>>> print(open('entry31.pdb').read())   # PDB, C-alpha atoms
ATOM      1  CA  MET D   1       0.000   0.000   0.000
ATOM      2  CA  LYS D   2       1.394   3.322  -1.073
ATOM      3  CA  ASN D   3       0.449   6.210   1.167
ATOM      4  CA  ASP D   4       1.472   8.936  -1.274
ATOM      5  CA  ALA D   5      -0.614  12.109  -1.191
ATOM      6  CA  LYS D   6      -2.673  11.008   1.773
ATOM      7  CA  PRO D   7      -5.592  13.468   1.965
ATOM      8  CA  GLU D   8      -6.447  15.408   5.087
ATOM      9  CA  LEU D   9      -9.361  13.613   6.703
ATOM     10  CA  PRO D  10     -12.161  14.987   8.873
ATOM     11  CA  THR D  11     -12.742  13.714  12.384
ATOM     12  CA  HIS D  12     -16.507  13.400  11.876
ATOM     13  CA  MET D  13     -18.796  12.360   9.023
ATOM     14  CA  LYS D  14     -22.434  12.360   8.018
ATOM     15  CA  ALA D  15     -24.177   8.989   8.416
ATOM     16  CA  ALA D  16     -27.638   7.427   8.424
ATOM     17  CA  ILE D  17     -28.094   6.088  11.951
ATOM     18  CA  TYR D  18     -30.642   3.693  13.472
ATOM     19  CA  LYS D  19     -30.577   3.077  17.211
ATOM     20  CA  HIS D  20     -33.707   0.949  17.486
ATOM     21  CA  TYR D  21     -35.290  -1.734  15.322
ATOM     22  CA  GLY D  22     -38.372  -0.699  13.393
ATOM     23  CA  SER D  23     -39.668   1.121  10.344
ATOM     24  CA  PRO D  24     -37.628   3.505   8.140
ATOM     25  CA  ASP D  25     -38.609   6.485  10.296
ATOM     26  CA  LYS D  26     -36.197   5.111  12.919
ATOM     27  CA  ILE D  27     -33.356   6.345  10.708
ATOM     28  CA  SER D  28     -31.842   9.796  11.230
ATOM     29  CA  ILE D  29     -28.942  11.678   9.647
ATOM     30  CA  GLU D  30     -26.280  12.499  12.230
ATOM     31  CA  GLN D  31     -22.622  13.476  12.600
ATOM     32  CA  VAL D  32     -20.520  10.614  13.975
ATOM     33  CA  PRO D  33     -16.762   9.935  14.236
ATOM     34  CA  VAL D  34     -14.942   8.702  11.144
ATOM     35  CA  PRO D  35     -14.110   5.001  11.729
ATOM     36  CA  THR D  36     -10.613   4.011  12.815
ATOM     37  CA  VAL D  37      -8.440   2.003  10.440
ATOM     38  CA  THR D  38      -7.040  -1.258  11.814
ATOM     39  CA  PRO D  39      -3.852  -2.801  10.350
ATOM     40  CA  ALA D  40      -5.600  -4.906   7.674
ATOM     41  CA  ASP D  41      -8.203  -2.289   6.700
ATOM     42  CA  VAL D  42      -8.541   0.453   4.162
ATOM     43  CA  LEU D  43     -10.583   3.584   4.818
ATOM     44  CA  ILE D  44     -12.911   4.409   1.961
ATOM     45  CA  ARG D  45     -14.579   7.699   1.135
ATOM     46  CA  VAL D  46     -18.012   6.420   0.106
ATOM     47  CA  HIS D  47     -19.514   7.949  -3.023
ATOM     48  CA  ALA D  48     -22.418   5.530  -3.441
ATOM     49  CA  SER D  49     -24.173   2.769  -1.532
ATOM     50  CA  THR D  50     -27.491   0.930  -1.828
ATOM     51  CA  VAL D  51     -30.612   0.088   0.141
ATOM     52  CA  ASN D  52     -31.595  -3.559  -0.301
ATOM     53  CA  ARG D  53     -33.544  -6.399   1.297
ATOM     54  CA  THR D  54     -30.643  -7.170   3.621
ATOM     55  CA  ASP D  55     -30.625  -3.607   4.970
ATOM     56  CA  CYS D  56     -34.411  -3.641   5.395
ATOM     57  CA  GLY D  57     -34.266  -6.929   7.298
ATOM     58  CA  PHE D  58     -31.641  -5.636   9.721
ATOM     59  CA  LEU D  59     -33.462  -2.318  10.119
ATOM     60  CA  ARG D  60     -36.530  -4.170  11.380
ATOM     61  CA  GLY D  61     -34.565  -6.951  13.075
ATOM     62  CA  LYS D  62     -36.544  -9.588  11.159
ATOM     63  CA  PRO D  63     -36.553 -12.504  10.920
ATOM     64  CA  TYR D  64     -35.833 -12.405  14.624
ATOM     65  CA  ILE D  65     -32.973 -14.875  14.286
ATOM     66  CA  VAL D  66     -30.805 -12.061  12.867
ATOM     67  CA  ARG D  67     -30.868 -10.426  16.304
ATOM     68  CA  LEU D  68     -28.636 -13.210  17.598
ATOM     69  CA  PHE D  69     -25.929 -11.507  15.536
ATOM     70  CA  SER D  70     -27.027  -7.870  15.316
ATOM     71  CA  GLY D  71     -28.205  -7.393  18.931
ATOM     72  CA  LEU D  72     -31.165  -8.861  20.810
ATOM     73  CA  LEU D  73     -32.909  -5.681  21.961
ATOM     74  CA  LYS D  74     -31.246  -3.007  19.859
ATOM     75  CA  PRO D  75     -28.645  -2.962  17.071
ATOM     76  CA  LYS D  76     -25.015  -3.222  18.111
ATOM     77  CA  SER D  77     -23.901  -1.493  14.910
ATOM     78  CA  THR D  78     -25.960   1.545  14.024
ATOM     79  CA  ILE D  79     -24.963   2.201  10.382
ATOM     80  CA  LEU D  80     -26.459  -0.022   7.701
ATOM     81  CA  GLY D  81     -25.390  -0.304   4.058
ATOM     82  CA  CYS D  82     -23.735  -3.608   3.163
ATOM     83  CA  GLU D  83     -22.417  -2.557  -0.248
ATOM     84  CA  PHE D  84     -20.618   0.564  -1.382
ATOM     85  CA  ALA D  85     -18.340   2.187  -3.926
ATOM     86  CA  GLY D  86     -15.756   4.873  -3.249
ATOM     87  CA  GLU D  87     -12.081   5.743  -3.139
ATOM     88  CA  VAL D  88      -9.329   4.627  -0.792
ATOM     89  CA  VAL D  89      -8.134   7.495   1.432
ATOM     90  CA  ASP D  90      -6.134   5.659   4.113
ATOM     91  CA  ALA D  91      -4.836   2.198   4.933
ATOM     92  CA  GLY D  92      -3.552   0.123   7.812
ATOM     93  CA  SER D  93       0.020  -1.077   8.048
ATOM     94  CA  LYS D  94      -0.860  -4.575   6.790
ATOM     95  CA  ALA D  95      -3.245  -3.558   4.008
ATOM     96  CA  HIS D  96      -2.047  -4.684   0.610
ATOM     97  CA  ASP D  97      -2.993  -4.368  -3.065
ATOM     98  CA  TYR D  98      -4.702  -0.992  -2.696
ATOM     99  CA  ASN D  99      -3.314   2.523  -3.008
ATOM    100  CA  ILE D 100      -4.682   5.893  -1.969
ATOM    101  CA  GLY D 101      -6.942   7.133  -4.724
ATOM    102  CA  ASP D 102      -7.947   3.666  -5.943
ATOM    103  CA  ARG D 103     -11.595   3.383  -6.936
ATOM    104  CA  VAL D 104     -13.083   0.347  -5.191
ATOM    105  CA  PHE D 105     -16.403  -1.355  -4.522
ATOM    106  CA  GLY D 106     -17.245  -3.905  -1.880
ATOM    107  CA  PHE D 107     -19.781  -5.959   0.041
ATOM    108  CA  LYS D 108     -19.569  -6.755   3.733
ATOM    109  CA  ASP D 109     -21.951  -8.672   5.938
ATOM    110  CA  ASP D 110     -19.574 -11.048   7.676
ATOM    111  CA  ASP D 111     -19.449  -8.914  10.825
ATOM    112  CA  PHE D 112     -23.002  -7.555  10.496
ATOM    113  CA  GLY D 113     -21.469  -4.127  10.896
ATOM    114  CA  PHE D 114     -22.136  -2.851   7.396
ATOM    115  CA  GLY D 115     -21.340   0.903   7.328
ATOM    116  CA  GLY D 116     -22.031   1.898   3.722
ATOM    117  CA  HIS D 117     -24.637   4.526   4.621
ATOM    118  CA  ALA D 118     -21.984   6.974   5.712
ATOM    119  CA  GLU D 119     -19.408   9.276   4.158
ATOM    120  CA  TYR D 120     -16.577   6.959   5.216
ATOM    121  CA  THR D 121     -16.354   3.246   5.941
ATOM    122  CA  THR D 122     -13.600   0.729   6.608
ATOM    123  CA  MET D 123     -13.132  -2.584   4.839
ATOM    124  CA  SER D 124     -10.709  -5.447   5.299
ATOM    125  CA  THR D 125      -8.525  -6.029   2.260
ATOM    126  CA  THR D 126      -9.167  -9.762   2.700
ATOM    127  CA  GLY D 127     -12.926  -9.285   2.289
ATOM    128  CA  MET D 128     -15.156  -8.826  -0.775
ATOM    129  CA  LEU D 129     -13.384  -5.733  -2.053
ATOM    130  CA  THR D 130     -12.069  -5.081  -5.551
ATOM    131  CA  HIS D 131     -11.275  -2.332  -8.029
ATOM    132  CA  ILE D 132     -14.043  -0.662 -10.013
ATOM    133  CA  PRO D 133     -13.931  -1.388 -13.769
ATOM    134  CA  SER D 134     -12.803   1.734 -15.582
ATOM    135  CA  HIS D 135     -16.076   2.178 -17.485
ATOM    136  CA  LEU D 136     -18.297   2.215 -14.369
ATOM    137  CA  SER D 137     -19.216   5.192 -12.212
ATOM    138  CA  PHE D 138     -19.458   4.892  -8.433
ATOM    139  CA  ALA D 139     -23.268   4.761  -8.696
ATOM    140  CA  GLN D 140     -23.063   1.929 -11.231
ATOM    141  CA  ALA D 141     -20.528  -0.067  -9.210
ATOM    142  CA  ALA D 142     -22.162   0.219  -5.780
ATOM    143  CA  PRO D 143     -24.982  -2.294  -6.501
ATOM    144  CA  ALA D 144     -22.752  -4.852  -8.209
ATOM    145  CA  LEU D 145     -22.070  -7.311  -5.384
ATOM    146  CA  GLU D 146     -24.916  -7.894  -2.910
ATOM    147  CA  GLY D 147     -27.520  -9.400  -5.232
ATOM    148  CA  ALA D 148     -24.926 -11.069  -7.457
ATOM    149  CA  HIS D 149     -23.136 -12.548  -4.442
ATOM    150  CA  TYR D 150     -26.311 -14.300  -3.292
ATOM    151  CA  ALA D 151     -27.202 -15.362  -6.840
ATOM    152  CA  LEU D 152     -23.749 -16.836  -7.377
ATOM    153  CA  HIS D 153     -23.953 -19.030  -4.282
ATOM    154  CA  TYR D 154     -27.343 -20.433  -5.286
ATOM    155  CA  ILE D 155     -26.149 -21.067  -8.838
ATOM    156  CA  ARG D 156     -23.107 -22.944  -7.581
ATOM    157  CA  ALA D 157     -25.140 -24.928  -5.043
ATOM    158  CA  ALA D 158     -27.369 -26.222  -7.844
ATOM    159  CA  ASN D 159     -24.407 -26.805 -10.188
ATOM    160  CA  ILE D 160     -26.245 -24.983 -12.968
ATOM    161  CA  ALA D 161     -24.635 -25.600 -16.353
ATOM    162  CA  ALA D 162     -25.335 -25.162 -20.050
ATOM    163  CA  LYS D 163     -27.485 -28.310 -20.256
ATOM    164  CA  HIS D 164     -30.010 -27.052 -17.687
ATOM    165  CA  SER D 165     -33.339 -25.279 -17.935
ATOM    166  CA  VAL D 166     -33.899 -22.757 -15.139
ATOM    167  CA  LEU D 167     -36.947 -20.753 -14.057
ATOM    168  CA  ILE D 168     -36.258 -17.598 -12.044
ATOM    169  CA  ASN D 169     -39.133 -16.045 -10.123
ATOM    170  CA  GLY D 170     -38.530 -12.392  -9.320
ATOM    171  CA  ALA D 171     -36.133 -12.043 -12.228
ATOM    172  CA  SER D 172     -36.291  -8.233 -12.185
ATOM    173  CA  GLY D 173     -34.988  -7.918  -8.606
ATOM    174  CA  ALA D 174     -31.371  -7.434  -7.538
ATOM    175  CA  ILE D 175     -30.745 -11.157  -6.989
ATOM    176  CA  GLY D 176     -32.938 -12.324  -9.848
ATOM    177  CA  SER D 177     -31.509  -9.998 -12.499
ATOM    178  CA  ALA D 178     -27.961 -10.937 -11.481
ATOM    179  CA  ALA D 179     -28.853 -14.647 -11.531
ATOM    180  CA  LEU D 180     -30.412 -14.316 -14.994
ATOM    181  CA  GLN D 181     -27.241 -12.810 -16.442
ATOM    182  CA  ILE D 182     -24.826 -15.181 -14.713
ATOM    183  CA  ILE D 183     -26.865 -18.255 -15.676
ATOM    184  CA  LYS D 184     -27.096 -17.102 -19.292
ATOM    185  CA  HIS D 185     -23.325 -16.603 -19.259
ATOM    186  CA  ALA D 186     -23.082 -20.286 -18.240
ATOM    187  CA  GLY D 187     -25.165 -21.189 -21.301
ATOM    188  CA  ALA D 188     -28.332 -22.459 -19.604
ATOM    189  CA  HIS D 189     -31.894 -21.856 -20.826
ATOM    190  CA  VAL D 190     -33.655 -19.271 -18.637
ATOM    191  CA  THR D 191     -37.350 -18.606 -18.143
ATOM    192  CA  ALA D 192     -37.799 -15.320 -16.284
ATOM    193  CA  VAL D 193     -40.893 -14.443 -14.252
ATOM    194  CA  CYS D 194     -41.635 -10.743 -13.779
ATOM    195  CA  SER D 195     -44.370  -8.108 -14.084
ATOM    196  CA  THR D 196     -45.722  -6.715 -17.344
ATOM    197  CA  ALA D 197     -43.637  -3.545 -17.054
ATOM    198  CA  ASN D 198     -40.340  -5.444 -16.951
ATOM    199  CA  ILE D 199     -40.790  -7.964 -19.765
ATOM    200  CA  GLU D 200     -38.693  -6.133 -22.346
ATOM    201  CA  GLN D 201     -35.889  -5.505 -19.871
ATOM    202  CA  MET D 202     -35.720  -9.218 -19.010
ATOM    203  CA  LYS D 203     -35.480 -10.040 -22.711
ATOM    204  CA  ALA D 204     -32.691  -7.490 -23.059
ATOM    205  CA  LEU D 205     -30.781  -9.238 -20.252
ATOM    206  CA  GLY D 206     -30.958 -12.481 -22.196
ATOM    207  CA  ALA D 207     -34.017 -14.368 -20.924
ATOM    208  CA  ASP D 208     -35.114 -17.045 -23.417
ATOM    209  CA  VAL D 209     -38.733 -16.959 -22.224
ATOM    210  CA  VAL D 210     -40.486 -14.355 -20.071
ATOM    211  CA  ILE D 211     -43.605 -15.108 -18.024
ATOM    212  CA  ASP D 212     -45.823 -12.222 -16.897
ATOM    213  CA  TYR D 213     -46.979 -13.208 -13.416
ATOM    214  CA  GLN D 214     -49.780 -10.642 -13.642
ATOM    215  CA  LYS D 215     -51.320 -12.694 -16.460
ATOM    216  CA  GLN D 216     -50.110 -16.247 -15.865
ATOM    217  CA  ASP D 217     -49.397 -18.448 -12.835
ATOM    218  CA  PHE D 218     -45.930 -19.844 -13.436
ATOM    219  CA  THR D 219     -46.597 -22.787 -11.088
ATOM    220  CA  GLN D 220     -49.181 -24.061 -13.608
ATOM    221  CA  LEU D 221     -46.842 -24.210 -16.604
ATOM    222  CA  ASP D 222     -46.668 -27.411 -18.660
ATOM    223  CA  GLN D 223     -42.887 -27.173 -18.980
ATOM    224  CA  ARG D 224     -40.618 -28.946 -16.496
ATOM    225  CA  PHE D 225     -37.401 -27.351 -15.226
ATOM    226  CA  ASP D 226     -34.129 -28.639 -13.871
ATOM    227  CA  VAL D 227     -34.021 -25.738 -11.408
ATOM    228  CA  VAL D 228     -36.705 -23.443 -10.011
ATOM    229  CA  PHE D 229     -35.063 -20.474  -8.282
ATOM    230  CA  ASP D 230     -37.399 -18.159  -6.390
ATOM    231  CA  SER D 231     -35.202 -15.111  -5.866
ATOM    232  CA  VAL D 232     -37.934 -13.243  -3.965
ATOM    233  CA  GLY D 233     -39.242 -16.105  -1.831
ATOM    234  CA  LYS D 234     -42.894 -15.831  -2.887
ATOM    235  CA  SER D 235     -43.513 -19.510  -3.700
ATOM    236  CA  THR D 236     -43.101 -22.843  -1.923
ATOM    237  CA  PHE D 237     -41.623 -26.199  -2.838
ATOM    238  CA  GLY D 238     -45.104 -27.707  -2.759
ATOM    239  CA  GLN D 239     -46.407 -25.187  -5.271
ATOM    240  CA  CYS D 240     -43.458 -25.746  -7.627
ATOM    241  CA  LYS D 241     -43.114 -29.548  -7.539
ATOM    242  CA  GLY D 242     -45.342 -29.871 -10.592
ATOM    243  CA  ILE D 243     -43.034 -27.765 -12.781
ATOM    244  CA  MET D 244     -39.857 -29.530 -11.681
ATOM    245  CA  LYS D 245     -38.252 -32.449 -13.469
ATOM    246  CA  PRO D 246     -38.134 -35.767 -11.543
ATOM    247  CA  ARG D 247     -34.673 -34.845 -10.253
ATOM    248  CA  GLY D 248     -35.278 -31.112 -10.264
ATOM    249  CA  VAL D 249     -34.054 -28.621  -7.670
ATOM    250  CA  TYR D 250     -36.055 -25.941  -5.861
ATOM    251  CA  MET D 251     -34.330 -22.961  -4.200
ATOM    252  CA  SER D 252     -35.727 -19.913  -2.416
ATOM    253  CA  THR D 253     -33.984 -16.918  -0.888
ATOM    254  CA  GLU D 254     -36.479 -16.866   1.999
ATOM    255  CA  LEU D 255     -37.068 -19.275   4.888
ATOM    256  CA  GLY D 256     -40.609 -19.981   3.656
ATOM    257  CA  PRO D 257     -43.804 -20.507   5.678
ATOM    258  CA  TYR D 258     -43.003 -21.874   9.139
ATOM    259  CA  TRP D 259     -39.299 -21.742   8.195
ATOM    260  CA  GLN D 260     -39.855 -24.818   6.048
ATOM    261  CA  ASN D 261     -37.099 -24.416   3.472
ATOM    262  CA  PRO D 262     -34.087 -25.288   5.681
ATOM    263  CA  PHE D 263     -35.952 -28.343   6.986
ATOM    264  CA  LEU D 264     -37.045 -29.417   3.497
ATOM    265  CA  ALA D 265     -33.447 -29.055   2.334
ATOM    266  CA  LEU D 266     -32.492 -31.635   4.947
ATOM    267  CA  LEU D 267     -35.454 -33.966   4.460
ATOM    268  CA  SER D 268     -35.318 -33.975   0.660
ATOM    269  CA  ARG D 269     -31.836 -35.470   0.824
ATOM    270  CA  PHE D 270     -33.395 -38.694   2.100
ATOM    271  CA  TYR D 271     -36.938 -38.735   0.660
ATOM    272  CA  GLY D 272     -37.978 -38.481  -2.986
ATOM    273  CA  THR D 273     -35.916 -37.488  -6.004
ATOM    274  CA  GLN D 274     -36.693 -33.758  -6.143
ATOM    275  CA  ARG D 275     -34.463 -31.624  -3.967
ATOM    276  CA  VAL D 276     -34.740 -28.418  -1.958
ATOM    277  CA  LEU D 277     -31.501 -26.501  -1.527
ATOM    278  CA  PHE D 278     -31.032 -23.760   1.040
ATOM    279  CA  PRO D 279     -27.371 -22.708   0.810
ATOM    280  CA  MET D 280     -25.864 -20.359   3.366
ATOM    281  CA  PRO D 281     -23.774 -17.831   1.406
ATOM    282  CA  ASP D 282     -20.492 -16.581   2.783
ATOM    283  CA  THR D 283     -18.414 -13.604   1.723
ATOM    284  CA  VAL D 284     -15.448 -14.844  -0.280
ATOM    285  CA  ALA D 285     -12.917 -12.334  -1.573
ATOM    286  CA  ALA D 286     -12.419 -14.248  -4.814
ATOM    287  CA  ASP D 287     -16.114 -13.807  -5.663
ATOM    288  CA  ALA D 288     -15.696 -10.028  -5.873
ATOM    289  CA  THR D 289     -12.923 -10.526  -8.418
ATOM    290  CA  PHE D 290     -15.020 -13.079 -10.328
ATOM    291  CA  LEU D 291     -17.983 -10.710 -10.561
ATOM    292  CA  ARG D 292     -15.749  -7.793 -11.545
ATOM    293  CA  LYS D 293     -14.414  -9.873 -14.434
ATOM    294  CA  LEU D 294     -17.963 -10.679 -15.561
ATOM    295  CA  ILE D 295     -18.705  -6.945 -15.601
ATOM    296  CA  GLU D 296     -15.546  -6.223 -17.582
ATOM    297  CA  ALA D 297     -16.495  -8.955 -20.065
ATOM    298  CA  GLY D 298     -19.963  -7.464 -20.541
ATOM    299  CA  ALA D 299     -21.642 -10.581 -19.112
ATOM    300  CA  TYR D 300     -23.157  -8.883 -16.054
ATOM    301  CA  GLN D 301     -24.516  -5.407 -15.435
ATOM    302  CA  PRO D 302     -26.287  -4.462 -12.182
ATOM    303  CA  LEU D 303     -29.658  -2.823 -12.768
ATOM    304  CA  VAL D 304     -30.396   0.535 -11.112
ATOM    305  CA  ASP D 305     -34.008   1.533 -10.501
ATOM    306  CA  ARG D 306     -33.720   4.778  -8.547
ATOM    307  CA  VAL D 307     -31.056   7.013  -7.009
ATOM    308  CA  TYR D 308     -31.584   8.918  -3.744
ATOM    309  CA  PRO D 309     -29.315  11.321  -1.847
ATOM    310  CA  LEU D 310     -28.246  10.230   1.630
ATOM    311  CA  ASP D 311     -30.456  12.913   3.166
ATOM    312  CA  ASP D 312     -33.501  11.202   1.629
ATOM    313  CA  ILE D 313     -32.552   7.660   2.620
ATOM    314  CA  VAL D 314     -35.806   7.145   4.536
ATOM    315  CA  SER D 315     -37.693   7.455   1.235
ATOM    316  CA  ALA D 316     -35.311   4.917  -0.297
ATOM    317  CA  TYR D 317     -36.114   2.403   2.428
ATOM    318  CA  GLU D 318     -39.830   3.030   2.054
ATOM    319  CA  PHE D 319     -39.619   2.362  -1.678
ATOM    320  CA  VAL D 320     -37.551  -0.815  -1.277
ATOM    321  CA  GLU D 321     -40.061  -2.130   1.256
ATOM    322  CA  THR D 322     -42.846  -1.893  -1.349
ATOM    323  CA  GLY D 323     -41.173  -4.867  -3.052
ATOM    324  CA  MET D 324     -41.530  -3.195  -6.443
ATOM    325  CA  LYS D 325     -37.961  -2.111  -7.183
ATOM    326  CA  VAL D 326     -36.321  -3.225 -10.411
ATOM    327  CA  GLY D 327     -32.758  -4.242  -9.696
ATOM    328  CA  ASN D 328     -31.233  -1.883  -7.146
ATOM    329  CA  VAL D 329     -31.794   1.374  -5.305
ATOM    330  CA  VAL D 330     -28.665   3.503  -5.044
ATOM    331  CA  ILE D 331     -27.725   6.079  -2.394
ATOM    332  CA  LYS D 332     -25.401   8.879  -3.525
ATOM    333  CA  LEU D 333     -23.188  10.719  -1.075
ATOM    334  CA  SER D 334     -21.764  14.165  -1.737
ATOM    335  CA  HIS D 335     -18.466  15.369  -0.306
ATOM    336  CA  SER D 336     -18.762  19.100  -0.855
TER     337      SER D 336
END
>>> encode(input="entry31.pdb", output="structure tokens")
Amino acid sequence: MKNDAKPELPTHMKAAIYKHYGSPDKISIEQVPVPTVTPADVLIRVHASTVNRTDCGFLRGKPYIVRLFSGLLKPKSTILGCEFAGEVVDAGSKAHDYNIGDRVFGFKDDDFGFGGHAEYTTMSTTGMLTHIPSHLSFAQAAPALEGAHYALHYIRAANIAAKHSVLINGASGAIGSAALQIIKHAGAHVTAVCSTANIEQMKALGADVVIDYQKQDFTQLDQRFDVVFDSVGKSTFGQCKGIMKPRGVYMSTELGPYWQNPFLALLSRFYGTQRVLFPMPDTVAADATFLRKLIEAGAYQPLVDRVYPLDDIVSAYEFVETGMKVGNVVIKLSHS
């Protein structure tokens, strides 16, 4: 790490803070200390972040199991924002591969500390951090990892390959749109399920077939799929069994009614030929590099629905909680 031309840094920064679990109105904009850099960290001046389902879940502390990690009665870490894009402004003594001024983007949920909804955040250089492709702005890079990271783990768990047919429910969301592009890059046949308004965009991303859920119930299709991936968790294994091949796989990003999906993932290993998978994603540094290379190759592009300033982050949360966003909602931070 070269520390040439280290900029003068403020002692305090603007951040979106939540001190209690609840609705978006629990968030306030406050001045807080700039985080301290530990030996393996870099300090990043954040130019863009996102609001996503992960942030909304931790804001409300639901499902309640997340409170085992984030704090039982109130959040231990008060700044959300699990993905970000910005520039390196300082580094610890053991930080490597990054120089002051480098444009970077990252995703962090391993410590449930987040921190992207602030003017500055720290990130370990061993985490999911990588350089921004030269053709992307900060606002374009910020949403590149969270949804794609989850999609990638599900795709790998199901061993999706060119020979497979895959149905993606919620294909216009952050996870679904990333999964569509990554699966098409692998050569598989993709049927995307979305609303009427997003049909053309799903075709543009490469979907072979698009189903309008406002006009047709995808669980009643005659076609049978190798993999049914519900990226928004609106269906169940029972509803989708009829559209799965005899050895088909069902995956959902949600726990399901009565938390059934983790249990079905265990039971289906021993009963029947159709499987439920419920992988537990982890943050692997190499995945950030892999996804960056897909972006550079033109195989993956994160979708951006709306952009809000940090001062209007409550409105961003309210919109995300409607469940109607297409791709990602970006938060821009100014450093005037």
>>> residues_around(input="entry31.pdb", residues="Ala142 in chain D", least_positions_apart="3", cutoff="9 Å", atoms="all atoms listed in the file", output="JSON, numbers by chain")
{"D": [47, 48, 49, 50, 83, 84, 85, 86, 105, 106, 107, 137, 138, 139, 145, 302, 330, 331]}
>>> resolve_selection(input="entry31.pdb", expression="the PyMOL selection byres ((chain D and resi 179-185) around 8)", output="ChimeraX atom specification")
/D:148,151-152,155,160-161,168,171,175-178,186-190,192,205-207,299-301
>>> resolve_selection(input="entry31.pdb", expression="the PyMOL selection byres ((chain D and resi 120-122) around 7)", output="ChimeraX atom specification")
/D:13,34-35,37,41-46,115-116,118-119,123-124
>>> resolve_selection(input="entry31.pdb", expression="the PyMOL selection byres ((chain D and resi 214-228) around 7)", output="JSON, numbers by chain")
{"D": [164, 165, 166, 167, 168, 195, 196, 211, 212, 213, 229, 230, 239, 240, 243, 244, 245, 248, 249, 250, 251]}
>>> closest_residue(input="entry31.pdb", among="D:Ala286, D:Met324, D:Val307, D:Ile27", to="Ile79 in chain D", atoms="only C-alpha atoms")
D:Ile27
>>> closest_residue(input="entry31.pdb", among="D:Gly71, D:Pro246, D:Gly147, D:Gly272", to="Ser172 in chain D", atoms="only C-alpha atoms")
D:Gly147
>>> atom_distance(input="entry31.pdb", atom1="CA of Thr11 in chain D", atom2="CA of Thr36 in chain D")
9.9 Å
>>> atom_distance(input="entry31.pdb", atom1="CA of Glu318 in chain D", atom2="CA of Thr130 in chain D")
29.9 Å
>>> residues_around(input="entry31.pdb", residues="Ala285 in chain D", least_positions_apart="6", cutoff="9 Å", atoms="all atoms listed in the file", output="PyMOL selection string")
chain D and resi 125-130
>>> atom_distance(input="entry31.pdb", atom1="CA of Arg103 in chain D", atom2="CA of Pro133 in chain D")
8.7 Å
>>> axis_aligned_box(input="entry31.pdb", around="range 23-40 of chain D", padding_each_side="8 Å", output="AutoDock Vina command-line options")
--center_x -21.8 --center_y 4.3 --center_z 11.0 --size_x 51.8 --size_y 34.4 --size_z 22.6
>>> residues_around(input="entry31.pdb", residues="Thr54 in chain D", least_positions_apart="6", cutoff="9 Å", atoms="all atoms listed in the file", output="count of residues only")
3
>>> closest_residue(input="entry31.pdb", among="D:Pro39, D:Gly173, D:Pro143, D:Pro279", to="Gly327 in chain D", atoms="all atoms listed in the file")
D:Gly173
>>> closest_residue(input="entry31.pdb", among="D:Lys332, D:His135, D:His153, D:Lys76", to="Arg292 in chain D", atoms="only C-alpha atoms")
D:His135
>>> residues_around(input="entry31.pdb", residues="Ser28 in chain D", least_positions_apart="4", cutoff="8 Å", atoms="all atoms listed in the file", output="list of chain:residue names")
D:Ala16, D:Ile17, D:Tyr18
>>> residues_around(input="entry31.pdb", residues="range 198-200 of chain D", least_positions_apart="4", cutoff="7 Å", atoms="all atoms listed in the file", output="short mmCIF file (atom, residue, chain, number, x, y, z; two decimals) with C-alpha atoms, in the frame of the given file")
data_model
loop_
_atom_site.label_atom_id
_atom_site.label_comp_id
_atom_site.auth_asym_id
_atom_site.auth_seq_id
_atom_site.Cartn_x
_atom_site.Cartn_y
_atom_site.Cartn_z
CA SER D 172 -36.29 -8.23 -12.18
CA CYS D 194 -41.64 -10.74 -13.78
CA ALA D 204 -32.69 -7.49 -23.06
CA VAL D 210 -40.49 -14.36 -20.07
#
>>> residues_near_point(input="entry31.pdb", point="(-36.6, -19.2, 3.6)", cutoff="10 Å", atoms="only C-alpha atoms", output="CSV table (one decimal) with C-alpha atoms, keeping the file's coordinate frame")
chain,number,residue,atom,x,y,z
D,63,PRO,CA,-36.6,-12.5,10.9
D,232,VAL,CA,-37.9,-13.2,-4.0
D,233,GLY,CA,-39.2,-16.1,-1.8
D,234,LYS,CA,-42.9,-15.8,-2.9
D,236,THR,CA,-43.1,-22.8,-1.9
D,251,MET,CA,-34.3,-23.0,-4.2
D,252,SER,CA,-35.7,-19.9,-2.4
D,253,THR,CA,-34.0,-16.9,-0.9
D,254,GLU,CA,-36.5,-16.9,2.0
D,255,LEU,CA,-37.1,-19.3,4.9
D,256,GLY,CA,-40.6,-20.0,3.7
D,257,PRO,CA,-43.8,-20.5,5.7
D,258,TYR,CA,-43.0,-21.9,9.1
D,259,TRP,CA,-39.3,-21.7,8.2
D,260,GLN,CA,-39.9,-24.8,6.0
D,261,ASN,CA,-37.1,-24.4,3.5
D,262,PRO,CA,-34.1,-25.3,5.7
D,263,PHE,CA,-36.0,-28.3,7.0
D,278,PHE,CA,-31.0,-23.8,1.0
>>> closest_residue(input="entry31.pdb", among="D:Val276, D:Ala174, D:Val51, D:Leu9", to="Pro309 in chain D", atoms="only C-alpha atoms")
D:Val51
